[in-house]
$ cat data-v7.csv   # CSV, C-alpha atoms and all ligand atoms
chain,number,residue,atom,x,y,z
W,5,MET,CA,-35.7,70.4,54.3
W,6,SER,CA,-32.3,71.9,54.4
W,7,ARG,CA,-32.0,75.6,54.7
W,8,GLN,CA,-28.4,75.7,53.4
W,9,GLU,CA,-28.0,77.7,50.3
W,10,LYS,CA,-25.5,75.8,48.3
W,11,SER,CA,-26.3,76.9,44.7
W,12,LEU,CA,-26.3,80.3,43.1
W,13,TYR,CA,-27.2,81.1,39.5
W,14,MET,CA,-26.3,84.4,37.8
W,15,THR,CA,-27.4,85.4,34.3
W,16,VAL,CA,-25.6,88.1,32.4
W,17,LEU,CA,-26.1,89.5,28.9
W,18,MET,CA,-22.8,89.6,27.0
W,19,THR,CA,-22.4,93.3,25.9
W,20,PRO,CA,-20.1,94.7,23.3
W,21,ASP,CA,-17.7,96.2,25.9
W,22,MET,CA,-16.8,92.6,26.8
W,23,ALA,CA,-15.5,91.8,23.4
W,24,ASN,CA,-11.9,90.9,22.5
W,25,PHE,CA,-10.1,91.8,19.2
W,26,ALA,CA,-11.8,88.9,17.5
W,27,GLY,CA,-15.3,90.1,18.5
W,28,LYS,CA,-15.9,87.2,20.9
W,29,VAL,CA,-16.3,87.6,24.7
W,30,HIS,CA,-12.9,88.2,26.3
W,31,GLY,CA,-11.8,85.3,28.5
W,32,GLY,CA,-10.8,87.8,31.2
W,33,ALA,CA,-14.4,89.2,31.2
W,34,LEU,CA,-15.7,85.7,31.9
W,35,LEU,CA,-13.1,85.1,34.6
W,36,LYS,CA,-14.2,88.2,36.4
W,37,LEU,CA,-17.9,87.1,36.4
W,38,LEU,CA,-16.8,83.6,37.4
W,39,ASP,CA,-15.0,85.0,40.4
W,40,GLN,CA,-18.0,87.1,41.3
W,41,VAL,CA,-20.4,84.2,41.2
W,42,ALA,CA,-18.1,82.0,43.2
W,43,TYR,CA,-17.7,84.7,45.8
W,44,ALA,CA,-21.4,85.2,46.1
W,45,CYS,CA,-22.2,81.5,46.3
W,46,ALA,CA,-19.5,80.8,48.9
W,47,ALA,CA,-20.2,83.9,51.0
W,48,ARG,CA,-23.9,83.2,51.1
W,49,TYR,CA,-23.3,79.6,52.1
W,50,ALA,CA,-20.7,80.4,54.7
W,51,LYS,CA,-22.5,83.6,56.0
W,52,SER,CA,-19.1,85.2,56.1
W,53,TYR,CA,-16.5,87.1,54.0
W,54,VAL,CA,-14.6,84.7,51.7
W,55,ILE,CA,-11.5,85.0,49.6
W,56,THR,CA,-10.4,83.2,46.5
W,57,ALA,CA,-7.5,80.8,47.4
W,58,SER,CA,-7.3,79.1,44.0
W,59,LEU,CA,-9.0,78.6,40.6
W,60,ASP,CA,-8.3,75.5,38.6
W,61,LEU,CA,-9.4,73.2,35.8
W,62,VAL,CA,-10.7,76.1,33.8
W,63,THR,CA,-11.9,75.0,30.5
W,64,PHE,CA,-13.2,77.2,27.7
W,65,ARG,CA,-15.1,74.7,25.6
W,66,GLN,CA,-16.9,77.1,23.2
W,67,PRO,CA,-16.3,80.7,22.4
W,68,VAL,CA,-19.0,83.0,23.9
W,69,GLU,CA,-20.5,85.5,21.5
W,70,VAL,CA,-21.5,89.1,22.2
W,71,GLY,CA,-25.3,89.2,22.5
W,72,GLN,CA,-25.6,85.8,24.2
W,73,LEU,CA,-27.3,85.3,27.5
W,74,VAL,CA,-24.8,83.5,29.8
W,75,THR,CA,-25.8,81.7,33.0
W,76,PHE,CA,-23.2,81.0,35.6
W,77,MET,CA,-24.3,78.0,37.7
W,78,ALA,CA,-22.3,77.8,40.9
W,79,ASN,CA,-22.5,75.1,43.6
W,80,VAL,CA,-20.7,74.4,46.8
W,81,ASN,CA,-19.5,70.9,46.1
W,82,TYR,CA,-17.2,70.3,49.0
W,83,VAL,CA,-16.5,71.8,52.4
W,84,GLY,CA,-13.4,71.3,54.4
W,85,THR,CA,-12.6,73.2,57.6
W,86,SER,CA,-12.4,76.7,56.3
W,87,SER,CA,-12.4,76.1,52.6
W,88,MET,CA,-15.2,75.4,50.1
W,89,GLU,CA,-14.9,74.1,46.6
W,90,VAL,CA,-17.3,75.9,44.3
W,91,GLY,CA,-17.9,74.4,40.9
W,92,VAL,CA,-19.1,76.7,38.2
W,93,LYS,CA,-20.7,75.6,34.9
W,94,VAL,CA,-21.2,78.3,32.3
W,95,VAL,CA,-24.0,77.9,29.7
W,96,ALA,CA,-24.4,80.4,26.9
W,97,GLU,CA,-27.8,80.9,25.2
W,98,ASP,CA,-28.3,82.3,21.7
W,99,LEU,CA,-31.4,84.5,22.2
W,100,ARG,CA,-32.7,84.1,18.6
W,101,THR,CA,-32.3,80.3,18.3
W,102,LYS,CA,-32.6,79.5,22.0
W,103,GLU,CA,-29.7,77.1,21.5
W,104,LYS,CA,-27.8,76.5,24.7
W,105,ARG,CA,-24.2,75.5,24.9
W,106,HIS,CA,-21.9,74.4,27.8
W,107,ALA,CA,-19.2,77.1,27.3
W,108,SER,CA,-17.0,76.7,30.3
W,109,SER,CA,-16.4,75.1,33.6
W,110,CYS,CA,-14.0,75.6,36.5
W,111,PHE,CA,-13.4,75.0,40.3
W,112,PHE,CA,-12.8,77.7,42.8
W,113,THR,CA,-11.4,77.1,46.3
W,114,MET,CA,-12.9,79.9,48.5
W,115,VAL,CA,-11.8,80.3,52.1
W,116,ALA,CA,-13.9,81.9,54.8
W,117,VAL,CA,-12.0,84.5,56.8
W,118,GLY,CA,-12.9,86.2,60.0
W,119,GLU,CA,-12.5,89.8,61.2
W,120,ASP,CA,-8.7,89.2,61.7
W,121,GLY,CA,-8.3,88.0,58.1
W,122,ARG,CA,-7.5,84.5,59.2
W,123,PRO,CA,-9.4,81.4,58.0
W,124,THR,CA,-12.5,80.6,60.0
W,125,THR,CA,-14.7,77.5,60.2
W,126,VAL,CA,-17.5,77.0,57.7
W,127,PRO,CA,-20.7,75.1,58.3
W,128,ARG,CA,-20.6,71.3,57.4
W,129,LEU,CA,-22.3,70.5,54.2
W,130,ASP,CA,-25.7,68.8,54.5
W,131,ILE,CA,-25.6,66.1,51.9
W,132,GLU,CA,-29.2,65.4,50.7
W,133,THR,CA,-29.0,63.6,47.4
W,134,ASP,CA,-26.9,61.1,45.6
W,135,ILE,CA,-25.6,63.8,43.3
W,136,GLU,CA,-24.5,65.9,46.2
W,137,GLN,CA,-22.7,62.9,47.7
W,138,ARG,CA,-20.8,62.4,44.4
W,139,LEU,CA,-20.0,66.1,44.1
W,140,PHE,CA,-18.7,66.0,47.7
W,141,GLU,CA,-16.5,63.0,47.1
W,142,ALA,CA,-15.1,64.4,43.8
W,143,GLY,CA,-14.4,67.7,45.5
W,144,LYS,CA,-12.5,66.0,48.3
W,145,MET,CA,-10.5,64.1,45.8
W,146,ARG,CA,-9.7,67.3,43.9
W,147,LYS,CA,-8.5,68.9,47.1
W,148,GLU,CA,-6.0,66.1,47.5
W,149,MET,CA,-5.0,66.4,43.9
W,150,ARG,CA,-4.4,70.2,44.3
W,151,LYS,CA,-2.0,69.6,47.2
W,152,GLU,CA,-0.1,67.0,45.2
W,153,VAL,CA,0.1,69.2,42.1
W,154,GLN,CA,1.3,72.1,44.3
W,155,GLN,CA,4.0,70.0,45.9
W,156,ARG,CA,5.2,68.6,42.5
W,157,ASN,CA,5.1,72.1,41.0
W,158,ASP,CA,7.1,73.5,44.0
W,159,ALA,CA,9.8,70.9,43.1
W,160,LEU,CA,9.9,72.2,39.5
W,161,HIS,CA,10.6,75.8,40.6
W,162,VAL,CA,13.3,77.5,38.6
W,163,ARG,CA,14.9,80.6,40.2
W,164,ILE,CA,15.4,83.4,37.7
W,165,PRO,CA,18.2,85.8,38.9
W,166,GLU,CA,16.9,89.2,39.8
W,167,GLY,CA,17.3,91.8,37.1
W,168,GLN,CA,17.5,89.2,34.3
W,169,THR,CA,15.1,87.6,31.9
W,170,PRO,CA,15.3,83.8,31.5
W,171,SER,CA,17.5,84.3,28.4
W,172,GLY,CA,20.0,86.2,30.5
W,173,ALA,CA,19.2,89.7,29.2
W,174,ALA,CA,18.8,92.6,31.6
W,175,THR,CA,15.3,93.6,32.5
W,176,GLY,CA,14.0,97.1,32.4
W,201,LIG,C1,-6.3,81.6,51.4
W,201,LIG,C2,-5.4,82.0,52.6
W,201,LIG,C3,-6.3,82.8,53.6
W,201,LIG,C4,-5.0,80.6,53.3
W,201,LIG,O1,-4.3,81.0,54.4
W,201,LIG,P1,-3.3,79.9,55.0
W,201,LIG,O2,-2.5,80.5,56.1
W,201,LIG,O3,-2.6,79.1,54.0
W,201,LIG,O4,-4.4,79.0,55.8
W,201,LIG,P2,-4.4,77.5,56.0
W,201,LIG,O5,-3.1,76.8,55.7
W,201,LIG,O6,-5.0,77.3,57.4
W,201,LIG,O7,-5.5,76.9,55.0
W,201,LIG,C5,-6.8,77.3,55.1
W,201,LIG,C6,-7.6,76.5,54.1
W,201,LIG,O8,-7.3,77.1,52.8
W,201,LIG,C7,-6.9,76.0,51.9
W,201,LIG,N1,-5.9,76.5,51.1
W,201,LIG,C8,-4.8,77.3,51.4
W,201,LIG,N2,-4.1,77.6,50.3
W,201,LIG,C9,-4.8,77.1,49.3
W,201,LIG,C10,-4.6,77.1,47.9
W,201,LIG,N3,-3.5,77.7,47.3
W,201,LIG,N4,-5.4,76.4,47.1
W,201,LIG,C11,-6.5,75.8,47.6
W,201,LIG,N5,-6.8,75.8,48.9
W,201,LIG,C12,-5.9,76.4,49.7
W,201,LIG,C13,-6.4,74.9,52.9
W,201,LIG,O9,-6.5,73.7,52.3
W,201,LIG,C14,-7.3,75.1,54.0
W,201,LIG,O10,-8.5,74.4,53.8
W,201,LIG,P3,-9.4,73.7,55.0
W,201,LIG,O11,-9.4,74.6,56.2
W,201,LIG,O12,-10.7,73.5,54.5
W,201,LIG,O13,-8.7,72.4,55.3
W,201,LIG,C15,-4.2,82.8,52.3
W,201,LIG,O14,-3.3,82.0,51.5
W,201,LIG,C16,-4.5,84.1,51.6
W,201,LIG,O15,-4.9,85.1,52.2
W,201,LIG,N6,-4.2,84.1,50.2
W,201,LIG,C17,-4.5,85.3,49.4
W,201,LIG,C18,-6.0,85.2,48.9
W,201,LIG,C19,-6.3,86.4,48.1
W,201,LIG,O16,-5.8,87.5,48.2
W,201,LIG,N7,-7.2,86.2,47.1
W,201,LIG,C20,-7.6,87.1,46.1
W,201,LIG,C21,-6.7,86.9,44.9
W,201,LIG,S1,-7.0,88.2,43.8

$ encode --input "data-v7.csv" --output "C-alpha cells" --more "lines below"
Ligand SMILES: CC(C)(COP(=O)(O)OP(=O)(O)OC[C@H]1O[C@@H](n2cnc3c(N)ncnc32)[C@H](O)[C@@H]1OP(=O)(O)O)[C@@H](O)C(=O)NCCC(=O)NCCS
Amino acid sequence: MSRQEKSLYMTVLMTPDMANFAGKVHGGALLKLLDQVAYACAARYAKSYVITASLDLVTFRQPVEVGQLVTFMANVNYVGTSSMEVGVKVVAEDLRTKEKRHASSCFFTMVAVGEDGRPTTVPRLDIETDIEQRLFEAGKMRKEMRKEVQQRNDALHVRIPEGQTPSGAATG
C-alpha cells in the first residue's frame, strides 16, 4: 500500500462575501481557493514548500451560487524533476436539492523549492492504478504542450513602447 498522499479534497461553503455584482460567486474567489488547494496538495505530496509556476486550461462550466457547498478535488497527476501537475475538479452542491454539478476544472504546475528558493527534486510518483497511469501520461503530454504553447506565444510577442498605450496615446 502506497503511503504517498496524492489527493486532497477541500470543501468550502460559498458565503455572500464571495459574490460578484451579479450575485454569483466571483471567479477570482474561486481562483484563490483553487490555488490554495493546489498548494496544499502539492506541498503535502512533496513534503516541501512549493510555488505556483503556471495555471492553465481553466474552465468555468457552470456558475457557482452563493450558499452552495463546493468541493475542490485536487490530485497530483504527473511529476517531473521538480514540478508537479495538480489537476483540480470543482463540484458545487445545492444543499437543498443535493444536486451536484461539475463547475470548473484546471491544471496547476507547482514547483518544489528548497531553502535557497531554487527548484528541488520531488519524489517519483507511485503509479498504482490504470487511472493513475492515464493521468500521468496525460500530464506528461500537457507539459510538452505547455512548452510548445509558450514558445509559440513568445514568437507572437508585440513590444509596446514605454509610456504609450497600444493605440499610441500617452499613459498616466
Ligand atoms: C517556477 C520557478 C521556480 C522555475 O524556475 P526556473 O529557473 O525556470 O527553473 P527550471 O527551468 O529549472 O524549471 C523547474 C521546473 O519548473 C517547470 N517550469 C518552469 N517554468 C514553468 C512554467 N512557466 N510553467 C510550467 N512549468 C514551469 C519546468 O518545466 C521544470 O520542471 P521539471 O523540473 O519537473 O522538469 C520560477 O520561474 C519562479 O520562481 N517563478 C515565480 C513563481 C511565483 O512567484 N509564483 C507565485 C505567483 S503569484

$ residues_around --input "data-v7.csv" --residues "region 143-160 of chain W" --least-positions-apart "4" --cutoff "10 Å" --atoms "all atoms listed in the file" --output "PyMOL selection string"
chain W and resi 58+60+80-84+87-91+111+113+137-139

$ residues_around --input "data-v7.csv" --residues "Thr63 (chain W)" --least-positions-apart "2" --cutoff "6 Å" --atoms "all atoms listed in the file" --output "ChimeraX atom specification"
/W:65,108-109

$ write_last_selection --input "data-v7.csv" --atoms "C-alpha atoms" --output "short mmCIF file (atom, residue, chain, number, x, y, z; two decimals), in the coordinates of the input"
data_model
loop_
_atom_site.label_atom_id
_atom_site.label_comp_id
_atom_site.auth_asym_id
_atom_site.auth_seq_id
_atom_site.Cartn_x
_atom_site.Cartn_y
_atom_site.Cartn_z
CA ARG W 65 -15.10 74.70 25.60
CA SER W 108 -17.00 76.70 30.30
CA SER W 109 -16.40 75.10 33.60
#

$ atom_distance --input "data-v7.csv" --atom1 "CA of Ser11 (chain W)" --atom2 "CA of Ala44 (chain W)"
9.7 Å

$ closest_residue --input "data-v7.csv" --among "W:Leu12, W:Met114, W:Leu17, W:Leu129" --to "ligand LIG 201 (chain W)" --atoms "all atoms listed in the file"
W:Met114

$ axis_aligned_box --input "data-v7.csv" --around "ligand LIG 201 (chain W)" --padding-each-side "8 Å" --output "JSON"
{"center_x": -6.6, "center_y": 80.3, "center_z": 50.6, "size_x": 24.2, "size_y": 31.8, "size_z": 29.6}

$ atom_distance --input "data-v7.csv" --atom1 "atom O5 of ligand LIG 201 (chain W)" --atom2 "CA of Ser86 (chain W)"
9.3 Å

$ residues_near_point --input "data-v7.csv" --point "(-26.1, 83.3, 32.0)" --cutoff "9 Å" --atoms "all atoms listed in the file" --output "list in words"
Tyr13, Met14, Thr15, Val16, Leu17, Met18, Gln72, Leu73, Val74, Thr75, Phe76, Met77, Val94, Val95, Ala96 and Glu97 of chain W

$ write_last_selection --input "data-v7.csv" --atoms "C-alpha atoms" --output "mmCIF file, in the coordinates of the input"
data_model
loop_
_atom_site.group_PDB
_atom_site.id
_atom_site.type_symbol
_atom_site.label_atom_id
_atom_site.label_comp_id
_atom_site.auth_asym_id
_atom_site.auth_seq_id
_atom_site.Cartn_x
_atom_site.Cartn_y
_atom_site.Cartn_z
ATOM 1 C CA TYR W 13 -27.200 81.100 39.500
ATOM 2 C CA MET W 14 -26.300 84.400 37.800
ATOM 3 C CA THR W 15 -27.400 85.400 34.300
ATOM 4 C CA VAL W 16 -25.600 88.100 32.400
ATOM 5 C CA LEU W 17 -26.100 89.500 28.900
ATOM 6 C CA MET W 18 -22.800 89.600 27.000
ATOM 7 C CA GLN W 72 -25.600 85.800 24.200
ATOM 8 C CA LEU W 73 -27.300 85.300 27.500
ATOM 9 C CA VAL W 74 -24.800 83.500 29.800
ATOM 10 C CA THR W 75 -25.800 81.700 33.000
ATOM 11 C CA PHE W 76 -23.200 81.000 35.600
ATOM 12 C CA MET W 77 -24.300 78.000 37.700
ATOM 13 C CA VAL W 94 -21.200 78.300 32.300
ATOM 14 C CA VAL W 95 -24.000 77.900 29.700
ATOM 15 C CA ALA W 96 -24.400 80.400 26.900
ATOM 16 C CA GLU W 97 -27.800 80.900 25.200
#

$ closest_residue --input "data-v7.csv" --among "W:Pro127, W:Gly176, W:Gly121, W:Pro165" --to "ligand LIG 201 (chain W)" --atoms "all atoms listed in the file"
W:Gly121

$ residues_near_point --input "data-v7.csv" --point "(-10.9, 86.1, 58.3)" --cutoff "12 Å" --atoms "all atoms listed in the file" --output "PyMOL selection string"
chain W and resi 50+52-55+86-87+114-126

$ residues_around --input "data-v7.csv" --residues "region 28-34 of chain W" --least-positions-apart "6" --cutoff "7 Å" --atoms "only C-alpha atoms" --output "ChimeraX atom specification"
/W:22,67-70

$ atom_distance --input "data-v7.csv" --atom1 "CA of Gln168 (chain W)" --atom2 "atom S1 of ligand LIG 201 (chain W)"
26.3 Å

$ closest_residue --input "data-v7.csv" --among "W:Ala173, W:Val92, W:Val162, W:Leu59" --to "ligand LIG 201 (chain W)" --atoms "only C-alpha atoms and all ligand atoms"
W:Leu59

$ closest_residue --input "data-v7.csv" --among "W:Gly71, W:Cys110, W:Glu141, W:Thr169" --to "Pro20 (chain W)" --atoms "all atoms listed in the file"
W:Gly71

$ closest_residue --input "data-v7.csv" --among "W:Tyr49, W:Phe25, W:Tyr43, W:Phe64" --to "ligand LIG 201 (chain W)" --atoms "all atoms listed in the file"
W:Tyr43

$ build_atoms --input "data-v7.csv" --residues "region 69-82 of chain W" --atoms "N, CA and C atoms" --output "mmCIF file, in the frame of the given file"
data_model
loop_
_atom_site.group_PDB
_atom_site.id
_atom_site.type_symbol
_atom_site.label_atom_id
_atom_site.label_comp_id
_atom_site.auth_asym_id
_atom_site.auth_seq_id
_atom_site.Cartn_x
_atom_site.Cartn_y
_atom_site.Cartn_z
ATOM 1 N N GLU W 69 -20.316 84.417 22.461
ATOM 2 C CA GLU W 69 -20.500 85.500 21.500
ATOM 3 C C GLU W 69 -21.177 86.704 22.244
ATOM 4 N N VAL W 70 -20.818 87.892 21.759
ATOM 5 C CA VAL W 70 -21.500 89.100 22.200
ATOM 6 C C VAL W 70 -22.982 88.949 21.842
ATOM 7 N N GLY W 71 -23.882 89.320 22.754
ATOM 8 C CA GLY W 71 -25.300 89.200 22.500
ATOM 9 C C GLY W 71 -25.913 87.936 23.117
ATOM 10 N N GLN W 72 -25.060 86.993 23.523
ATOM 11 C CA GLN W 72 -25.600 85.800 24.200
ATOM 12 C C GLN W 72 -25.936 86.041 25.621
ATOM 13 N N LEU W 73 -26.871 85.244 26.110
ATOM 14 C CA LEU W 73 -27.300 85.300 27.500
ATOM 15 C C LEU W 73 -26.523 84.183 28.236
ATOM 16 N N VAL W 74 -25.703 84.553 29.188
ATOM 17 C CA VAL W 74 -24.800 83.500 29.800
ATOM 18 C C VAL W 74 -25.252 83.310 31.272
ATOM 19 N N THR W 75 -25.449 82.042 31.605
ATOM 20 C CA THR W 75 -25.800 81.700 33.000
ATOM 21 C C THR W 75 -24.634 80.981 33.649
ATOM 22 N N PHE W 76 -24.263 81.518 34.806
ATOM 23 C CA PHE W 76 -23.200 81.000 35.600
ATOM 24 C C PHE W 76 -23.832 80.167 36.743
ATOM 25 N N MET W 77 -23.640 78.846 36.716
ATOM 26 C CA MET W 77 -24.300 78.000 37.700
ATOM 27 C C MET W 77 -23.250 77.530 38.721
ATOM 28 N N ALA W 78 -23.313 78.111 39.906
ATOM 29 C CA ALA W 78 -22.300 77.800 40.900
ATOM 30 C C ALA W 78 -22.886 76.937 42.006
ATOM 31 N N ASN W 79 -22.061 76.042 42.540
ATOM 32 C CA ASN W 79 -22.500 75.100 43.600
ATOM 33 C C ASN W 79 -21.386 74.832 44.563
ATOM 34 N N VAL W 80 -21.710 74.842 45.843
ATOM 35 C CA VAL W 80 -20.700 74.400 46.800
ATOM 36 C C VAL W 80 -20.701 72.892 46.825
ATOM 37 N N ASN W 81 -19.628 72.347 46.252
ATOM 38 C CA ASN W 81 -19.500 70.900 46.100
ATOM 39 C C ASN W 81 -18.990 70.212 47.337
ATOM 40 N N TYR W 82 -18.001 70.889 47.935
ATOM 41 C CA TYR W 82 -17.200 70.300 49.000
ATOM 42 C C TYR W 82 -16.889 71.331 50.041
#
